[in-house]
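To be precise, the following lines are model.pdb, and they hold PDB, C-alpha atoms.
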ATOM      1  CA  MET A  14     -12.209   1.389  13.327  1.00  0.00           C
ATOM      2  CA  GLY A  15     -13.578   4.899  13.353  1.00  0.00           C
ATOM      3  CA  ASN A  16     -15.417   5.647  10.140  1.00  0.00           C
ATOM      4  CA  LEU A  17     -14.841   2.240   8.538  1.00  0.00           C
ATOM      5  CA  GLU A  18     -18.029   0.783   7.132  1.00  0.00           C
ATOM      6  CA  ASP A  19     -16.979  -2.727   8.045  1.00  0.00           C
ATOM      7  CA  GLY A  20     -20.273  -4.267   6.947  1.00  0.00           C
ATOM      8  CA  LEU A  21     -19.280  -3.518   3.363  1.00  0.00           C
ATOM      9  CA  LEU A  22     -15.968  -5.375   3.661  1.00  0.00           C
ATOM     10  CA  PRO A  23     -15.606  -9.047   2.744  1.00  0.00           C
ATOM     11  CA  ALA A  24     -16.105 -11.316   5.790  1.00  0.00           C
ATOM     12  CA  LYS A  25     -12.526 -12.608   5.808  1.00  0.00           C
ATOM     13  CA  VAL A  26     -11.219  -9.024   5.822  1.00  0.00           C
ATOM     14  CA  ARG A  27     -13.544  -8.051   8.697  1.00  0.00           C
ATOM     15  CA  GLY A  28     -12.136 -10.967  10.670  1.00  0.00           C
ATOM     16  CA  ASN A  29      -8.552  -9.860  10.048  1.00  0.00           C
ATOM     17  CA  TYR A  30      -8.605  -6.103  10.440  1.00  0.00           C
ATOM     18  CA  PRO A  31      -8.092  -6.019  14.215  1.00  0.00           C
ATOM     19  CA  ARG A  32      -5.025  -8.196  13.610  1.00  0.00           C
ATOM     20  CA  SER A  33      -3.987  -5.862  10.769  1.00  0.00           C
ATOM     21  CA  TRP A  34      -3.816  -2.673  12.783  1.00  0.00           C
ATOM     22  CA  LYS A  35      -2.248  -4.392  15.807  1.00  0.00           C
ATOM     23  CA  ALA A  36       0.449  -5.902  13.603  1.00  0.00           C
ATOM     24  CA  ALA A  37       1.047  -2.672  11.702  1.00  0.00           C
ATOM     25  CA  SER A  38       1.569  -0.849  14.986  1.00  0.00           C
ATOM     26  CA  SER A  39       3.670  -3.521  16.689  1.00  0.00           C
ATOM     27  CA  ASN A  40       7.385  -3.360  17.192  1.00  0.00           C
ATOM     28  CA  GLY A  41       9.060  -4.045  13.916  1.00  0.00           C
ATOM     29  CA  PRO A  42       8.067  -3.362  10.345  1.00  0.00           C
ATOM     30  CA  ARG A  43       5.003  -4.866   8.757  1.00  0.00           C
ATOM     31  CA  THR A  44       3.339  -4.854   5.388  1.00  0.00           C
ATOM     32  CA  CYS A  45      -0.387  -4.939   4.909  1.00  0.00           C
ATOM     33  CA  TRP A  46      -1.200  -5.953   1.372  1.00  0.00           C
ATOM     34  CA  CYS A  47      -4.713  -5.499  -0.035  1.00  0.00           C
ATOM     35  CA  SER A  48      -5.797  -6.755  -3.447  1.00  0.00           C
ATOM     36  CA  GLY A  49      -9.004  -6.990  -5.441  1.00  0.00           C
ATOM     37  CA  CYS A  50     -10.970  -4.602  -7.617  1.00  0.00           C
ATOM     38  CA  TRP A  51     -13.297  -1.896  -6.274  1.00  0.00           C
ATOM     39  CA  ARG A  52     -13.855  -3.542  -2.914  1.00  0.00           C
ATOM     40  CA  GLY A  53     -12.873  -0.849  -0.428  1.00  0.00           C
ATOM     41  CA  LYS A  54      -9.102  -1.197  -0.192  1.00  0.00           C
ATOM     42  CA  THR A  55      -8.502   2.544  -0.013  1.00  0.00           C
ATOM     43  CA  HIS A  56     -11.323   2.966   2.508  1.00  0.00           C
ATOM     44  CA  PHE A  57      -9.816   0.202   4.635  1.00  0.00           C
ATOM     45  CA  LEU A  58      -6.260   1.569   4.472  1.00  0.00           C
ATOM     46  CA  CYS A  59      -7.462   5.071   5.386  1.00  0.00           C
ATOM     47  CA  ALA A  60      -9.239   3.645   8.436  1.00  0.00           C
ATOM     48  CA  LEU A  61      -6.189   1.569   9.336  1.00  0.00           C
ATOM     49  CA  GLY A  62      -3.954   4.636   9.008  1.00  0.00           C
ATOM     50  CA  ARG A  63      -6.355   6.586  11.229  1.00  0.00           C
ATOM     51  CA  GLU A  64      -6.160   3.852  13.873  1.00  0.00           C
ATOM     52  CA  LEU A  65      -2.380   3.913  13.781  1.00  0.00           C
ATOM     53  CA  VAL A  66      -2.368   7.674  14.338  1.00  0.00           C
ATOM     54  CA  LEU A  67      -5.125   7.914  16.969  1.00  0.00           C
ATOM     55  CA  ARG A  68      -4.614   4.731  18.997  1.00  0.00           C
ATOM     56  CA  HIS A  69      -0.906   4.159  18.612  1.00  0.00           C
ATOM     57  CA  ALA A  70       0.494   7.654  18.013  1.00  0.00           C
ATOM     58  CA  CYS A  71       2.239   6.412  14.871  1.00  0.00           C
ATOM     59  CA  THR A  72       3.359   8.764  12.145  1.00  0.00           C
ATOM     60  CA  VAL A  73       1.630   7.801   8.896  1.00  0.00           C
ATOM     61  CA  TYR A  74       2.022   9.068   5.331  1.00  0.00           C
ATOM     62  CA  PHE A  75      -0.758   8.262   2.836  1.00  0.00           C
ATOM     63  CA  THR A  76      -0.169   8.778  -0.881  1.00  0.00           C
ATOM     64  CA  PRO A  77      -1.288   7.401  -4.215  1.00  0.00           C
ATOM     65  CA  THR A  78       1.643   5.361  -5.502  1.00  0.00           C
ATOM     66  CA  PHE A  79       1.986   7.395  -8.701  1.00  0.00           C
ATOM     67  CA  LYS A  80       2.535  10.590  -6.671  1.00  0.00           C
ATOM     68  CA  LEU A  81       5.241   9.005  -4.548  1.00  0.00           C
ATOM     69  CA  VAL A  82       6.947   7.684  -7.675  1.00  0.00           C
ATOM     70  CA  GLN A  83       6.914  11.157  -9.239  1.00  0.00           C
ATOM     71  CA  GLN A  84       8.406  12.645  -6.049  1.00  0.00           C
ATOM     72  CA  LEU A  85      11.117   9.975  -6.019  1.00  0.00           C
ATOM     73  CA  LEU A  86      11.913  10.583  -9.704  1.00  0.00           C
ATOM     74  CA  ALA A  87      12.170  14.338  -9.215  1.00  0.00           C
ATOM     75  CA  ALA A  88      14.438  13.847  -6.212  1.00  0.00           C
ATOM     76  CA  LYS A  89      16.630  11.432  -8.194  1.00  0.00           C
ATOM     77  CA  ARG A  90      16.975  13.926 -11.062  1.00  0.00           C
ATOM     78  CA  GLU A  91      17.974  16.638  -8.572  1.00  0.00           C
ATOM     79  CA  LEU A  92      20.423  14.256  -6.852  1.00  0.00           C
ATOM     80  CA  GLY A  93      18.309  14.339  -3.699  1.00  0.00           C
ATOM     81  CA  LEU A  94      16.886  10.803  -3.634  1.00  0.00           C
ATOM     82  CA  ASP A  95      18.746   9.872  -0.455  1.00  0.00           C
ATOM     83  CA  LYS A  96      17.443  13.011   1.271  1.00  0.00           C
ATOM     84  CA  LEU A  97      13.826  12.221   0.302  1.00  0.00           C
ATOM     85  CA  LEU A  98      14.188   8.598   1.426  1.00  0.00           C
ATOM     86  CA  LYS A  99      15.452   9.824   4.808  1.00  0.00           C
ATOM     87  CA  LYS A 100      12.507  12.228   5.059  1.00  0.00           C
ATOM     88  CA  LEU A 101      10.068   9.387   4.309  1.00  0.00           C
ATOM     89  CA  ASP A 102      11.855   7.219   6.857  1.00  0.00           C
ATOM     90  CA  ARG A 103      10.516   9.505   9.603  1.00  0.00           C
ATOM     91  CA  PHE A 104       7.097   7.949   9.018  1.00  0.00           C
ATOM     92  CA  GLU A 105       6.511   4.700  10.873  1.00  0.00           C
ATOM     93  CA  ALA A 106       4.049   3.643   8.163  1.00  0.00           C
ATOM     94  CA  VAL A 107       3.691   4.684   4.537  1.00  0.00           C
ATOM     95  CA  ILE A 108       0.429   3.814   2.814  1.00  0.00           C
ATOM     96  CA  LEU A 109       0.754   3.358  -0.951  1.00  0.00           C
ATOM     97  CA  ASP A 110      -2.608   3.397  -2.675  1.00  0.00           C
ATOM     98  CA  ASP A 111      -3.193   1.762  -6.067  1.00  0.00           C
ATOM     99  CA  LEU A 112       0.188   0.191  -6.745  1.00  0.00           C
ATOM    100  CA  GLY A 113       0.167  -1.075 -10.309  1.00  0.00           C
ATOM    101  CA  TYR A 114      -2.834   0.964 -11.376  1.00  0.00           C
ATOM    102  CA  VAL A 115      -0.728   2.992 -13.805  1.00  0.00           C
ATOM    103  CA  GLN A 116       1.895   1.386 -16.033  1.00  0.00           C
ATOM    104  CA  GLN A 117       5.366   2.533 -15.068  1.00  0.00           C
ATOM    105  CA  SER A 118       8.550   3.096 -17.005  1.00  0.00           C
ATOM    106  CA  ARG A 119      11.772   1.332 -16.048  1.00  0.00           C
ATOM    107  CA  GLU A 120      13.047   4.466 -14.288  1.00  0.00           C
ATOM    108  CA  GLU A 121       9.818   4.758 -12.277  1.00  0.00           C
ATOM    109  CA  MET A 122      10.011   1.096 -11.370  1.00  0.00           C
ATOM    110  CA  GLU A 123      13.602   1.501 -10.199  1.00  0.00           C
ATOM    111  CA  VAL A 124      12.844   4.348  -7.776  1.00  0.00           C
ATOM    112  CA  LEU A 125       9.808   2.497  -6.428  1.00  0.00           C
ATOM    113  CA  PHE A 126      11.907  -0.614  -5.852  1.00  0.00           C
ATOM    114  CA  THR A 127      14.563   1.533  -4.137  1.00  0.00           C
ATOM    115  CA  PHE A 128      11.912   2.934  -1.804  1.00  0.00           C
ATOM    116  CA  LEU A 129      10.576  -0.535  -0.930  1.00  0.00           C
ATOM    117  CA  ALA A 130      14.085  -1.931  -0.437  1.00  0.00           C
ATOM    118  CA  GLU A 131      15.015   0.970   1.877  1.00  0.00           C
ATOM    119  CA  ARG A 132      11.984   0.346   4.103  1.00  0.00           C
ATOM    120  CA  TYR A 133      12.302  -3.439   4.109  1.00  0.00           C
ATOM    121  CA  GLU A 134      12.571  -4.809   7.658  1.00  0.00           C
ATOM    122  CA  ARG A 135      12.839  -1.286   9.068  1.00  0.00           C
ATOM    123  CA  ARG A 136       9.515   0.495   8.550  1.00  0.00           C
ATOM    124  CA  SER A 137       5.931  -0.455   7.672  1.00  0.00           C
ATOM    125  CA  VAL A 138       4.476  -0.197   4.180  1.00  0.00           C
ATOM    126  CA  LEU A 139       0.761  -0.691   3.602  1.00  0.00           C
ATOM    127  CA  VAL A 140      -0.190  -1.279  -0.022  1.00  0.00           C
ATOM    128  CA  SER A 141      -3.325  -1.555  -2.101  1.00  0.00           C
ATOM    129  CA  SER A 142      -3.297  -2.930  -5.621  1.00  0.00           C
ATOM    130  CA  ASN A 143      -5.710  -4.392  -8.141  1.00  0.00           C
ATOM    131  CA  LEU A 144      -2.964  -6.685  -9.413  1.00  0.00           C
ATOM    132  CA  VAL A 145      -2.268 -10.129  -7.993  1.00  0.00           C
ATOM    133  CA  PHE A 146       1.404 -10.927  -7.427  1.00  0.00           C
ATOM    134  CA  SER A 147       1.613 -13.088 -10.552  1.00  0.00           C
ATOM    135  CA  LYS A 148       0.964  -9.955 -12.648  1.00  0.00           C
ATOM    136  CA  TRP A 149       3.538  -7.754 -10.951  1.00  0.00           C
ATOM    137  CA  ASP A 150       5.853  -8.075 -13.918  1.00  0.00           C
ATOM    138  CA  GLN A 151       3.563  -5.361 -15.353  1.00  0.00           C
ATOM    139  CA  ILE A 152       4.856  -3.046 -12.620  1.00  0.00           C
ATOM    140  CA  PHE A 153       8.510  -3.975 -12.366  1.00  0.00           C
ATOM    141  CA  LYS A 154       9.107  -5.077 -15.976  1.00  0.00           C
ATOM    142  CA  ASP A 155      11.930  -7.427 -15.024  1.00  0.00           C
ATOM    143  CA  PRO A 156      11.446 -10.906 -13.478  1.00  0.00           C
ATOM    144  CA  MET A 157      14.314 -10.564 -10.981  1.00  0.00           C
ATOM    145  CA  THR A 158      13.165  -7.166  -9.718  1.00  0.00           C
ATOM    146  CA  THR A 159       9.570  -8.393  -9.563  1.00  0.00           C
ATOM    147  CA  MET A 160      10.577 -11.396  -7.444  1.00  0.00           C
ATOM    148  CA  ALA A 161      12.704  -9.229  -5.156  1.00  0.00           C
ATOM    149  CA  ALA A 162       9.916  -6.659  -4.673  1.00  0.00           C
ATOM    150  CA  VAL A 163       7.265  -9.303  -3.975  1.00  0.00           C
ATOM    151  CA  ASP A 164       9.637 -11.109  -1.610  1.00  0.00           C
ATOM    152  CA  ARG A 165      10.203  -7.928   0.408  1.00  0.00           C
ATOM    153  CA  LEU A 166       6.514  -7.071   0.545  1.00  0.00           C
ATOM    154  CA  VAL A 167       5.182 -10.480   1.554  1.00  0.00           C
ATOM    155  CA  HIS A 168       7.834 -11.142   4.208  1.00  0.00           C
ATOM    156  CA  HIS A 169       6.167 -10.177   7.540  1.00  0.00           C
ATOM    157  CA  ALA A 170       2.991  -9.327   5.597  1.00  0.00           C
ATOM    158  CA  ILE A 171      -0.663  -9.556   6.345  1.00  0.00           C
ATOM    159  CA  ILE A 172      -2.336 -10.167   3.009  1.00  0.00           C
ATOM    160  CA  LEU A 173      -6.004  -9.277   2.686  1.00  0.00           C
ATOM    161  CA  GLU A 174      -7.977 -10.150  -0.412  1.00  0.00           C
ATOM    162  CA  PHE A 175     -10.933  -7.912  -1.111  1.00  0.00           C
ATOM    163  CA  ASP A 176     -13.128 -10.075  -3.313  1.00  0.00           C
ATOM    164  CA  GLY A 177     -16.789 -10.039  -4.256  1.00  0.00           C
ATOM    165  CA  GLU A 178     -19.012  -7.343  -5.703  1.00  0.00           C
ATOM    166  CA  SER A 179     -17.919  -3.727  -5.966  1.00  0.00           C
ATOM    167  CA  MET A 180     -18.744  -1.467  -3.012  1.00  0.00           C
ATOM    168  CA  ARG A 181     -20.021   1.090  -5.504  1.00  0.00           C
ATOM    169  CA  VAL A 182     -22.655  -1.142  -7.128  1.00  0.00           C
ATOM    170  CA  PRO A 183     -25.016  -1.327  -4.106  1.00  0.00           C
ATOM    171  CA  ARG A 184     -24.785   2.446  -3.618  1.00  0.00           C
ATOM    172  CA  GLN A 185     -25.675   3.042  -7.283  1.00  0.00           C
ATOM    173  CA  LYS A 186     -28.691   0.731  -6.898  1.00  0.00           C
ATOM    174  CA  GLU A 187     -29.785   2.610  -3.746  1.00  0.00           C
ATOM    175  CA  LYS A 188     -29.641   5.899  -5.663  1.00  0.00           C
ATOM    176  CA  GLY A 189     -31.785   4.424  -8.411  1.00  0.00           C
ATOM    177  CA  GLY A 190     -28.915   4.034 -10.863  1.00  0.00           C
ATOM    178  CA  GLY A 191     -27.845   1.074 -13.033  1.00  0.00           C
TER
END

Please go through the file and, once you have read it, give me the structure as structure tokens.
Amino acid sequence: MGNLEDGLLPAKVRGNYPRSWKAASSNGPRTCWCSGCWRGKTHFLCALGRELVLRHACTVYFTPTFKLVQQLLAAKRELGLDKLLKKLDRFEAVILDDLGYVQQSREEMEVLFTFLAERYERRSVLVSSNLVFSKWDQIFKDPMTTMAAVDRLVHHAIILEFDGESMRVPRQKEKGGG
């Protein structure tokens, strides 16, 4: 996939990425879920998004999750949440980077859940997070909302676990660092 340094990815991810981009571009919505710390999730999702654009002519929107949440909150305050959701619906795939990286307030969690619920079974969402599903109560604060969000994301999902050593550690060693 273009500029993807696939040799740095965990073996089980390398074996699944052709399936990932084919599924994400197929008819019908898909979720690609990537978890694990410092293992190249963002790098992978950028490459996957590039493939969707170049090979499949898909419209793709990449954003850190916190930025999308702030946009959704601002739109809600201005009574324009529905308008923003419709604008985002023009994208066949939305890539949310680092879901759960920053603790969210209840209001932030609510607009994020609204976004995910609106896209469910209609459009693709590709997500990276350092949190495993069992810790998602840190994101959504409420057990029922957490279960509903996880249920929507894992239905039709391809789940990739990025485990092993950090991608950054070997590069630091090559540069003569720690």

Considering only C-alpha atoms, state which residue in the set A:Leu65, A:Leu58, A:Val124, A:Ala106 is at the smallest distance from Ile152 (chain A). A:Val124

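Taking CA of Phe175 (chain A) and CA of Asp150 (chain A) as the two end points, the separation is 21.1 Å.
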
Hey, what comes out of the PyMOL selection byres ((chain A and resi 104) around 7) on this file? Could you write it as a VMD selection string? chain A and resid 72 to 74 101 to 103 105 to 107

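Going from CA of Leu144 (chain A) to CA of Ile108 (chain A) covers 16.5 Å.
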
When you draw a straight line from CA of Met122 (chain A) to CA of His56 (chain A), how long is it in Å? 25.5 Å

Using all atoms of region 97-111 of chain A listed in the file and a margin of 6 Å per side, can you give the axis-aligned box centre and edge lengths in Å to one decimal, as AutoDock Vina command-line options?
--center_x 6.1 --center_y 7.0 --center_z 2.4 --size_x 30.6 --size_y 22.5 --size_z 28.9

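Once the PyMOL selection byres ((chain A and resi 90-100) around 12) is applied to the shown structure, the selection contains Tyr74, Leu81, Val82, Gln83, Gln84, Leu85, Leu86, Ala87, Ala88, Lys89, Leu101, Asp102, Arg103, Phe104, Glu105, Val107, Glu120, Glu121, Glu123, Val124, Leu125, Phe126, Thr127, Phe128, Leu129, Ala130, Glu131, Arg132 and Arg136 of chain A.
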
Between A:Ser137, A:Leu67, A:Asn143, A:Gln117, which residue has the minimum interatomic distance to Asp155 (chain A), considering only C-alpha atoms? A:Gln117

For the file shown, report as a ChimeraX atom specification the outcome of the PyMOL selection byres ((chain A and resi 77) around 9) at residue level. /A:75-76,78-82,108-112
